[in-house]
Each structure stands twice: as structure tokens, then as C-alpha cells.
Amino acid sequence: MSRWYVIHTKARQEHLAASHLLRQCYPVFLPIIRQARRQRGRWQQVTEPLFPGYLFSQLDLATDNIAPIRSTRGVIGLVRFNGQPCAIPTGVIDSLQAMQQASDGVICCEHLFRSGDKVIITAGPLAGLEAIFMATSTQERVCILLDFLGRQQTVKISHHHIAPADYP
């Protein structure tokens with residue numbers, strides 16, 4: 001039975017590892033995200049792997065020879081727990097692929113939150129407060145529902161200043 005497994009790559013070599021695995025006929029999925037990053041004092045749109053240092057490959061451990069994976073350029077090896085390769089639920093990969101296909105092959109940062117998701121404000125005067133994501137307002141701003149001073153307030157802030165509530 002074919003399942004998705006996590007492959008650990010060398011630093012900033014996710015694309016190299018993906019191309020070499022594809023040449024060896026291993027199906028791979030490398031989710032890419034477009035987001036704004038501050039570079040040289042300005043916000044610029046950059047594309048980068050959603051999970052730096054990792055990609056996914058669909059394998060059948062009963063029939064596929066996985067030995068060549070660890071010697072593939074850019075690959076460190078399969079992620080393992082207790083000696084067993086780490087399988088990812090198909091639904092997770094399907095939802096990531098759907099988000100990527102809906103956005104011309106790149107996941108947009110705005111698609112990571114759904115209405116009702118709990119978020120935490122990471123910067124600014126409201127840093128540390130929890131809120132509920134409501135919607136994307138403009139390209140750079142989002143609407144959140146904030147319980148502040150005993151009242152619920154709708155606030156628009158930069159999407160750079162929020163993270164999932166389970167953010168470390």
C-alpha cells in the first residue's frame with residue numbers, strides 16, 4: 001500500500017533533492033509557499049519551501065526499494081521514529097496539494113488560515129494576545145476578532161504579525 005513519507009533534506013537543497021528523486025522515479029511533493037519577507041529594509045515576495053529541510057515521497061515500503069533514497073544528492077534520509085519511516089496521513093498531503101493547485105503551484109500565506117482559526121499576535125503593541133482569524137482584508141492585511149478589555153473588537157493587522165495559536 002502506497003503512503004506518503006517524510007524525507008529530510010540537506011539545508012536549502014529541497015529542490016535539488018526533489019529533482020534527483022524524480023529522476024529515480026520516486027513520486028515527490030515539495031509544498032512551496034509565497035510570503036513576504038523583509039530583505040534589505042523592504043518587504044519582498046519570496047517563494048520558499050513550506051517545510052524547510054523536508055519534502056514528501058509516496059512509497060510502498062513492501063515493494064519499493066528505499067535504499068537509494070539516502071544516497072540521493074541533497075537527501076539526508078527518511079525521517080524515522082523508533083526505526084520506522086514516518087508516514088503522513090493522505091488527507092494532509094491532499095489538502096496541501098489542493099491549496100497549491102488553487103494558487104498556480106504556490107501556496108499563498110493567506111490560505112494557511114481559515115475563518116475561525118485561533119491565532120496569536122506575534123508583533124506590535126498587541127503581541128502575545130490570542131485572537132480569531134476572520135478573513136483576509138487586503139493583500140498585506142487580515143481581519144481578526146480580538147477579545148480586548150471585555151469586548152470583542154474586529155482589528156485589521158498585517159498578516160506578518162500573526163501565527164497559529166500553537167506557535168512555539
# chains A, B, ... in the order shown; residues from 1 in each chain; ligands from 1

call {"tool": "closest_atom_pairs", "arguments": {"of": "range 35-56 of chain A", "to": "range 3-10 of chain A", "cutoff": "8 Å", "atoms": "only C-alpha atoms", "output": "JSON lines"}}
result
{"residue": "A:Gly53", "atom": "CA", "partner": "A:Thr9", "partner_atom": "CA", "distance": 4.9}
{"residue": "A:Tyr54", "atom": "CA", "partner": "A:His8", "partner_atom": "CA", "distance": 4.7}
{"residue": "A:Leu55", "atom": "CA", "partner": "A:Ile7", "partner_atom": "CA", "distance": 5.3}
{"residue": "A:Phe56", "atom": "CA", "partner": "A:Val6", "partner_atom": "CA", "distance": 4.7}

call {"tool": "select_by_dssp", "arguments": {"residues": "chain A", "states": "alpha helix (DSSP H)", "output": "MDAnalysis selection string"}}
result
chainID A and resid 14:23 90:102

call {"tool": "residues_around", "arguments": {"residues": "Tyr26 in chain A", "least_positions_apart": "3", "cutoff": "7 Å", "atoms": "only C-alpha atoms", "output": "list in words"}}
result
Leu21, Leu22 and Ser57 of chain A

call {"tool": "write_last_selection", "arguments": {"atoms": "C-alpha atoms", "output": "PDB file, in the first residue's frame"}}
result
ATOM      1  CA  LEU A  21      14.375  11.696  -6.568  1.00  0.00           C
ATOM      2  CA  LEU A  22      12.106  12.328  -9.577  1.00  0.00           C
ATOM      3  CA  SER A  57       7.573  10.996  -1.254  1.00  0.00           C
TER       4      SER A  57
END

call {"tool": "select_by_dssp", "arguments": {"residues": "range 54-151 of chain A", "states": "strand (DSSP E or B)", "output": "JSON, numbers by chain"}}
result
{"A": [54, 55, 56, 57, 58, 59, 75, 76, 77, 78, 80, 81, 84, 85, 87, 88, 107, 108, 118, 119, 120, 121, 130, 131, 132, 133, 134, 135, 136, 141, 142, 143, 144, 145, 146, 147, 148, 151]}

call {"tool": "residues_around", "arguments": {"residues": "Val155 in chain A", "least_positions_apart": "6", "cutoff": "9 Å", "atoms": "only C-alpha atoms", "output": "ChimeraX atom specification"}}
result
/A:142-146

call {"tool": "closest_residue", "arguments": {"among": "A:Ile66, A:Val28, A:Ala17, A:Val106", "to": "Gln45 in chain A", "atoms": "only C-alpha atoms"}}
result
A:Val106

call {"tool": "atom_distance", "arguments": {"atom1": "CA of Ala18 in chain A", "atom2": "CA of Arg37 in chain A"}}
result
24.2 Å

call {"tool": "closest_residue", "arguments": {"among": "A:Gln58, A:Gln39, A:Ser71, A:Gln100", "to": "Pro85 in chain A", "atoms": "only C-alpha atoms"}}
result
A:Gln58

call {"tool": "residues_around", "arguments": {"residues": "Ile69 in chain A", "least_positions_apart": "5", "cutoff": "8 Å", "atoms": "only C-alpha atoms", "output": "number ranges by chain"}}
result
A: 21, 75, 77-78

call {"tool": "write_last_selection", "arguments": {"atoms": "all heavy atoms", "output": "short mmCIF file (atom, residue, chain, number, x, y, z; two decimals), in the first residue's frame"}}
result
data_model
loop_
_atom_site.label_atom_id
_atom_site.label_comp_id
_atom_site.auth_asym_id
_atom_site.auth_seq_id
_atom_site.Cartn_x
_atom_site.Cartn_y
_atom_site.Cartn_z
N LEU A 21 15.31 12.78 -6.89
CA LEU A 21 14.38 11.70 -6.57
C LEU A 21 13.42 11.44 -7.74
O LEU A 21 13.10 10.29 -8.05
CB LEU A 21 13.59 12.02 -5.29
CG LEU A 21 14.40 11.91 -4.00
CD1 LEU A 21 13.63 12.54 -2.84
CD2 LEU A 21 14.73 10.46 -3.69
N VAL A 75 19.71 14.68 -0.16
CA VAL A 75 18.89 13.95 0.82
C VAL A 75 19.76 13.49 1.99
O VAL A 75 20.87 13.00 1.79
CB VAL A 75 18.20 12.73 0.16
CG1 VAL A 75 17.53 11.85 1.21
CG2 VAL A 75 17.20 13.17 -0.87
N GLY A 77 17.99 11.54 4.50
CA GLY A 77 17.38 10.24 4.67
C GLY A 77 15.91 10.36 5.00
O GLY A 77 15.36 11.46 5.10
N LEU A 78 15.26 9.22 5.16
CA LEU A 78 13.86 9.20 5.58
C LEU A 78 13.77 9.57 7.06
O LEU A 78 14.62 9.16 7.85
CB LEU A 78 13.26 7.81 5.39
CG LEU A 78 12.87 7.42 3.97
CD1 LEU A 78 12.64 5.92 3.88
CD2 LEU A 78 11.62 8.16 3.55
#

call {"tool": "residues_around", "arguments": {"residues": "Arg141 in chain A", "least_positions_apart": "4", "cutoff": "12 Å", "atoms": "only C-alpha atoms", "output": "PDB file with N, CA, C and O atoms, in the first residue's frame"}}
result
ATOM      1  N   ALA A  36       5.758  37.290   2.171  1.00  0.00           N
ATOM      2  CA  ALA A  36       6.582  38.499   2.202  1.00  0.00           C
ATOM      3  C   ALA A  36       7.664  38.342   3.258  1.00  0.00           C
ATOM      4  O   ALA A  36       7.412  37.833   4.351  1.00  0.00           O
ATOM      5  N   CYS A 109       0.321  32.636   1.630  1.00  0.00           N
ATOM      6  CA  CYS A 109       0.273  32.685   3.086  1.00  0.00           C
ATOM      7  C   CYS A 109      -1.160  32.869   3.584  1.00  0.00           C
ATOM      8  O   CYS A 109      -1.533  32.348   4.617  1.00  0.00           O
ATOM      9  N   GLU A 110      -1.985  33.584   2.826  1.00  0.00           N
ATOM     10  CA  GLU A 110      -3.360  33.838   3.247  1.00  0.00           C
ATOM     11  C   GLU A 110      -4.167  32.547   3.315  1.00  0.00           C
ATOM     12  O   GLU A 110      -5.153  32.467   4.023  1.00  0.00           O
ATOM     13  N   PHE A 133      -9.012  34.342  13.669  1.00  0.00           N
ATOM     14  CA  PHE A 133      -8.865  34.794  12.285  1.00  0.00           C
ATOM     15  C   PHE A 133     -10.239  34.879  11.646  1.00  0.00           C
ATOM     16  O   PHE A 133     -11.045  33.964  11.747  1.00  0.00           O
ATOM     17  N   MET A 134     -10.525  36.003  10.991  1.00  0.00           N
ATOM     18  CA  MET A 134     -11.821  36.174  10.341  1.00  0.00           C
ATOM     19  C   MET A 134     -11.699  36.070   8.824  1.00  0.00           C
ATOM     20  O   MET A 134     -12.361  35.261   8.208  1.00  0.00           O
ATOM     21  N   ALA A 135     -10.848  36.920   8.230  1.00  0.00           N
ATOM     22  CA  ALA A 135     -10.747  36.938   6.776  1.00  0.00           C
ATOM     23  C   ALA A 135      -9.512  37.731   6.359  1.00  0.00           C
ATOM     24  O   ALA A 135      -8.941  38.475   7.144  1.00  0.00           O
ATOM     25  N   THR A 136      -9.161  37.587   5.085  1.00  0.00           N
ATOM     26  CA  THR A 136      -8.104  38.403   4.501  1.00  0.00           C
ATOM     27  C   THR A 136      -8.743  39.716   4.063  1.00  0.00           C
ATOM     28  O   THR A 136      -9.756  39.725   3.363  1.00  0.00           O
ATOM     29  N   SER A 137      -8.159  40.818   4.467  1.00  0.00           N
ATOM     30  CA  SER A 137      -8.721  42.130   4.169  1.00  0.00           C
ATOM     31  C   SER A 137      -8.182  42.662   2.836  1.00  0.00           C
ATOM     32  O   SER A 137      -8.921  42.965   1.939  1.00  0.00           O
ATOM     33  N   VAL A 155     -10.222  43.795  14.376  1.00  0.00           N
ATOM     34  CA  VAL A 155      -8.992  44.549  14.174  1.00  0.00           C
ATOM     35  C   VAL A 155      -8.364  44.098  12.860  1.00  0.00           C
ATOM     36  O   VAL A 155      -8.358  42.912  12.550  1.00  0.00           O
ATOM     37  N   LYS A 156      -7.819  45.058  12.113  1.00  0.00           N
ATOM     38  CA  LYS A 156      -7.073  44.730  10.901  1.00  0.00           C
ATOM     39  C   LYS A 156      -5.595  44.935  11.203  1.00  0.00           C
ATOM     40  O   LYS A 156      -5.190  46.006  11.657  1.00  0.00           O
ATOM     41  N   ILE A 157      -4.814  43.872  10.960  1.00  0.00           N
ATOM     42  CA  ILE A 157      -3.370  43.961  11.182  1.00  0.00           C
ATOM     43  C   ILE A 157      -2.643  43.303  10.014  1.00  0.00           C
ATOM     44  O   ILE A 157      -3.253  42.605   9.204  1.00  0.00           O
ATOM     45  N   SER A 158      -1.355  43.498   9.971  1.00  0.00           N
ATOM     46  CA  SER A 158      -0.532  42.882   8.934  1.00  0.00           C
ATOM     47  C   SER A 158      -0.528  41.371   9.103  1.00  0.00           C
ATOM     48  O   SER A 158      -0.446  40.867  10.224  1.00  0.00           O
ATOM     49  N   HIS A 159      -0.621  40.640   8.005  1.00  0.00           N
ATOM     50  CA  HIS A 159      -0.593  39.183   8.110  1.00  0.00           C
ATOM     51  C   HIS A 159       0.777  38.674   8.551  1.00  0.00           C
ATOM     52  O   HIS A 159       0.927  37.521   8.919  1.00  0.00           O
ATOM     53  N   HIS A 160       1.774  39.546   8.565  1.00  0.00           N
ATOM     54  CA  HIS A 160       3.107  39.171   9.049  1.00  0.00           C
ATOM     55  C   HIS A 160       3.121  39.047  10.568  1.00  0.00           C
ATOM     56  O   HIS A 160       4.042  38.480  11.131  1.00  0.00           O
ATOM     57  N   HIS A 161       2.126  39.629  11.210  1.00  0.00           N
ATOM     58  CA  HIS A 161       2.116  39.702  12.675  1.00  0.00           C
ATOM     59  C   HIS A 161       1.225  38.672  13.340  1.00  0.00           C
ATOM     60  O   HIS A 161       0.904  38.832  14.521  1.00  0.00           O
ATOM     61  N   ILE A 162       0.812  37.647  12.610  1.00  0.00           N
ATOM     62  CA  ILE A 162       0.013  36.593  13.237  1.00  0.00           C
ATOM     63  C   ILE A 162       0.649  35.240  12.958  1.00  0.00           C
ATOM     64  O   ILE A 162       1.375  35.068  11.970  1.00  0.00           O
TER      65      ILE A 162
END

call {"tool": "closest_residue", "arguments": {"among": "A:Val46, A:Asp94, A:Ala131, A:Ala102", "to": "Ser115 in chain A", "atoms": "only C-alpha atoms"}}
result
A:Ala131

call {"tool": "closest_residue", "arguments": {"among": "A:Asp60, A:Asp166, A:Glu140, A:Glu14", "to": "Met1 in chain A", "atoms": "only C-alpha atoms"}}
result
A:Asp60

call {"tool": "decode", "arguments": {"residues": "range 6-21 of chain A", "atoms": "all heavy atoms", "output": "PDB file, in the first residue's frame"}}
result
ATOM      1  N   VAL A   6       8.015  11.239   4.924  1.00  0.00           N
ATOM      2  CA  VAL A   6       8.801  12.468   5.045  1.00  0.00           C
ATOM      3  C   VAL A   6      10.266  12.162   4.770  1.00  0.00           C
ATOM      4  O   VAL A   6      10.819  11.205   5.319  1.00  0.00           O
ATOM      5  CB  VAL A   6       8.656  13.078   6.458  1.00  0.00           C
ATOM      6  CG1 VAL A   6       9.419  14.394   6.550  1.00  0.00           C
ATOM      7  CG2 VAL A   6       7.201  13.272   6.821  1.00  0.00           C
ATOM      8  N   ILE A   7      10.865  12.985   3.923  1.00  0.00           N
ATOM      9  CA  ILE A   7      12.288  12.862   3.611  1.00  0.00           C
ATOM     10  C   ILE A   7      13.006  14.113   4.108  1.00  0.00           C
ATOM     11  O   ILE A   7      12.601  15.234   3.799  1.00  0.00           O
ATOM     12  CB  ILE A   7      12.517  12.664   2.099  1.00  0.00           C
ATOM     13  CG1 ILE A   7      11.897  11.338   1.663  1.00  0.00           C
ATOM     14  CG2 ILE A   7      14.004  12.728   1.768  1.00  0.00           C
ATOM     15  CD1 ILE A   7      12.040  11.042   0.196  1.00  0.00           C
ATOM     16  N   HIS A   8      14.062  13.909   4.893  1.00  0.00           N
ATOM     17  CA  HIS A   8      14.872  15.009   5.409  1.00  0.00           C
ATOM     18  C   HIS A   8      15.929  15.361   4.367  1.00  0.00           C
ATOM     19  O   HIS A   8      16.628  14.471   3.874  1.00  0.00           O
ATOM     20  CB  HIS A   8      15.521  14.567   6.721  1.00  0.00           C
ATOM     21  CG  HIS A   8      16.187  15.665   7.461  1.00  0.00           C
ATOM     22  ND1 HIS A   8      17.145  15.425   8.410  1.00  0.00           N
ATOM     23  CD2 HIS A   8      16.055  17.010   7.420  1.00  0.00           C
ATOM     24  CE1 HIS A   8      17.572  16.566   8.905  1.00  0.00           C
ATOM     25  NE2 HIS A   8      16.922  17.537   8.315  1.00  0.00           N
ATOM     26  N   THR A   9      16.021  16.653   4.040  1.00  0.00           N
ATOM     27  CA  THR A   9      16.987  17.090   3.032  1.00  0.00           C
ATOM     28  C   THR A   9      18.089  17.924   3.677  1.00  0.00           C
ATOM     29  O   THR A   9      17.945  18.404   4.802  1.00  0.00           O
ATOM     30  CB  THR A   9      16.304  17.932   1.931  1.00  0.00           C
ATOM     31  OG1 THR A   9      15.833  19.149   2.503  1.00  0.00           O
ATOM     32  CG2 THR A   9      15.157  17.179   1.299  1.00  0.00           C
ATOM     33  N   LYS A  10      19.150  18.095   2.947  1.00  0.00           N
ATOM     34  CA  LYS A  10      20.213  18.987   3.400  1.00  0.00           C
ATOM     35  C   LYS A  10      19.698  20.422   3.339  1.00  0.00           C
ATOM     36  O   LYS A  10      18.758  20.729   2.601  1.00  0.00           O
ATOM     37  CB  LYS A  10      21.451  18.822   2.527  1.00  0.00           C
ATOM     38  CG  LYS A  10      22.073  17.446   2.673  1.00  0.00           C
ATOM     39  CD  LYS A  10      23.285  17.276   1.804  1.00  0.00           C
ATOM     40  CE  LYS A  10      23.856  15.871   1.970  1.00  0.00           C
ATOM     41  NZ  LYS A  10      24.949  15.612   1.057  1.00  0.00           N
ATOM     42  N   ALA A  11      20.311  21.296   4.104  1.00  0.00           N
ATOM     43  CA  ALA A  11      19.873  22.688   4.196  1.00  0.00           C
ATOM     44  C   ALA A  11      19.812  23.348   2.822  1.00  0.00           C
ATOM     45  O   ALA A  11      20.775  23.275   2.049  1.00  0.00           O
ATOM     46  CB  ALA A  11      20.802  23.472   5.115  1.00  0.00           C
ATOM     47  N   ARG A  12      18.688  23.938   2.512  1.00  0.00           N
ATOM     48  CA  ARG A  12      18.431  24.676   1.262  1.00  0.00           C
ATOM     49  C   ARG A  12      18.685  23.837   0.006  1.00  0.00           C
ATOM     50  O   ARG A  12      19.042  24.368  -1.039  1.00  0.00           O
ATOM     51  CB  ARG A  12      19.233  25.971   1.241  1.00  0.00           C
ATOM     52  CG  ARG A  12      18.740  26.978   2.266  1.00  0.00           C
ATOM     53  CD  ARG A  12      19.555  28.240   2.295  1.00  0.00           C
ATOM     54  NE  ARG A  12      20.913  28.097   2.774  1.00  0.00           N
ATOM     55  CZ  ARG A  12      21.267  27.943   4.039  1.00  0.00           C
ATOM     56  NH1 ARG A  12      20.368  27.857   4.968  1.00  0.00           N
ATOM     57  NH2 ARG A  12      22.533  27.848   4.383  1.00  0.00           N
ATOM     58  N   GLN A  13      18.505  22.523   0.099  1.00  0.00           N
ATOM     59  CA  GLN A  13      18.678  21.655  -1.067  1.00  0.00           C
ATOM     60  C   GLN A  13      17.412  20.851  -1.356  1.00  0.00           C
ATOM     61  O   GLN A  13      17.478  19.782  -1.948  1.00  0.00           O
ATOM     62  CB  GLN A  13      19.876  20.722  -0.860  1.00  0.00           C
ATOM     63  CG  GLN A  13      21.192  21.464  -0.830  1.00  0.00           C
ATOM     64  CD  GLN A  13      22.384  20.529  -0.833  1.00  0.00           C
ATOM     65  OE1 GLN A  13      22.288  19.360  -1.177  1.00  0.00           O
ATOM     66  NE2 GLN A  13      23.537  21.056  -0.455  1.00  0.00           N
ATOM     67  N   GLU A  14      16.258  21.386  -0.952  1.00  0.00           N
ATOM     68  CA  GLU A  14      14.999  20.682  -1.169  1.00  0.00           C
ATOM     69  C   GLU A  14      14.713  20.482  -2.656  1.00  0.00           C
ATOM     70  O   GLU A  14      14.307  19.389  -3.069  1.00  0.00           O
ATOM     71  CB  GLU A  14      13.829  21.454  -0.524  1.00  0.00           C
ATOM     72  CG  GLU A  14      13.953  21.631   0.968  1.00  0.00           C
ATOM     73  CD  GLU A  14      14.728  22.871   1.374  1.00  0.00           C
ATOM     74  OE1 GLU A  14      15.230  23.609   0.495  1.00  0.00           O
ATOM     75  OE2 GLU A  14      14.838  23.110   2.583  1.00  0.00           O
ATOM     76  N   HIS A  15      14.936  21.510  -3.466  1.00  0.00           N
ATOM     77  CA  HIS A  15      14.664  21.411  -4.905  1.00  0.00           C
ATOM     78  C   HIS A  15      15.615  20.422  -5.582  1.00  0.00           C
ATOM     79  O   HIS A  15      15.200  19.645  -6.443  1.00  0.00           O
ATOM     80  CB  HIS A  15      14.759  22.788  -5.576  1.00  0.00           C
ATOM     81  CG  HIS A  15      13.685  23.735  -5.151  1.00  0.00           C
ATOM     82  ND1 HIS A  15      12.385  23.630  -5.590  1.00  0.00           N
ATOM     83  CD2 HIS A  15      13.703  24.788  -4.308  1.00  0.00           C
ATOM     84  CE1 HIS A  15      11.664  24.579  -5.050  1.00  0.00           C
ATOM     85  NE2 HIS A  15      12.441  25.300  -4.259  1.00  0.00           N
ATOM     86  N   LEU A  16      16.880  20.456  -5.180  1.00  0.00           N
ATOM     87  CA  LEU A  16      17.863  19.526  -5.728  1.00  0.00           C
ATOM     88  C   LEU A  16      17.479  18.090  -5.388  1.00  0.00           C
ATOM     89  O   LEU A  16      17.476  17.216  -6.257  1.00  0.00           O
ATOM     90  CB  LEU A  16      19.257  19.841  -5.173  1.00  0.00           C
ATOM     91  CG  LEU A  16      20.376  18.890  -5.582  1.00  0.00           C
ATOM     92  CD1 LEU A  16      20.718  19.075  -7.054  1.00  0.00           C
ATOM     93  CD2 LEU A  16      21.596  19.114  -4.709  1.00  0.00           C
ATOM     94  N   ALA A  17      17.120  17.857  -4.139  1.00  0.00           N
ATOM     95  CA  ALA A  17      16.721  16.509  -3.716  1.00  0.00           C
ATOM     96  C   ALA A  17      15.475  16.053  -4.469  1.00  0.00           C
ATOM     97  O   ALA A  17      15.406  14.912  -4.930  1.00  0.00           O
ATOM     98  CB  ALA A  17      16.469  16.486  -2.209  1.00  0.00           C
ATOM     99  N   ALA A  18      14.500  16.949  -4.625  1.00  0.00           N
ATOM    100  CA  ALA A  18      13.259  16.591  -5.329  1.00  0.00           C
ATOM    101  C   ALA A  18      13.548  16.217  -6.778  1.00  0.00           C
ATOM    102  O   ALA A  18      13.032  15.214  -7.286  1.00  0.00           O
ATOM    103  CB  ALA A  18      12.256  17.739  -5.260  1.00  0.00           C
ATOM    104  N   SER A  19      14.390  16.989  -7.456  1.00  0.00           N
ATOM    105  CA  SER A  19      14.668  16.692  -8.865  1.00  0.00           C
ATOM    106  C   SER A  19      15.423  15.364  -9.011  1.00  0.00           C
ATOM    107  O   SER A  19      15.142  14.587  -9.930  1.00  0.00           O
ATOM    108  CB  SER A  19      15.437  17.833  -9.530  1.00  0.00           C
ATOM    109  OG  SER A  19      16.726  17.954  -8.973  1.00  0.00           O
ATOM    110  N   HIS A  20      16.350  15.075  -8.104  1.00  0.00           N
ATOM    111  CA  HIS A  20      17.094  13.811  -8.193  1.00  0.00           C
ATOM    112  C   HIS A  20      16.215  12.611  -7.834  1.00  0.00           C
ATOM    113  O   HIS A  20      16.366  11.537  -8.421  1.00  0.00           O
ATOM    114  CB  HIS A  20      18.349  13.858  -7.326  1.00  0.00           C
ATOM    115  CG  HIS A  20      19.461  14.637  -7.957  1.00  0.00           C
ATOM    116  ND1 HIS A  20      20.325  14.095  -8.875  1.00  0.00           N
ATOM    117  CD2 HIS A  20      19.819  15.933  -7.835  1.00  0.00           C
ATOM    118  CE1 HIS A  20      21.180  15.013  -9.284  1.00  0.00           C
ATOM    119  NE2 HIS A  20      20.886  16.144  -8.656  1.00  0.00           N
ATOM    120  N   LEU A  21      15.305  12.785  -6.891  1.00  0.00           N
ATOM    121  CA  LEU A  21      14.375  11.696  -6.568  1.00  0.00           C
ATOM    122  C   LEU A  21      13.420  11.436  -7.737  1.00  0.00           C
ATOM    123  O   LEU A  21      13.105  10.285  -8.047  1.00  0.00           O
ATOM    124  CB  LEU A  21      13.594  12.017  -5.294  1.00  0.00           C
ATOM    125  CG  LEU A  21      14.396  11.910  -3.996  1.00  0.00           C
ATOM    126  CD1 LEU A  21      13.631  12.543  -2.843  1.00  0.00           C
ATOM    127  CD2 LEU A  21      14.726  10.460  -3.687  1.00  0.00           C
TER     128      LEU A  21
END
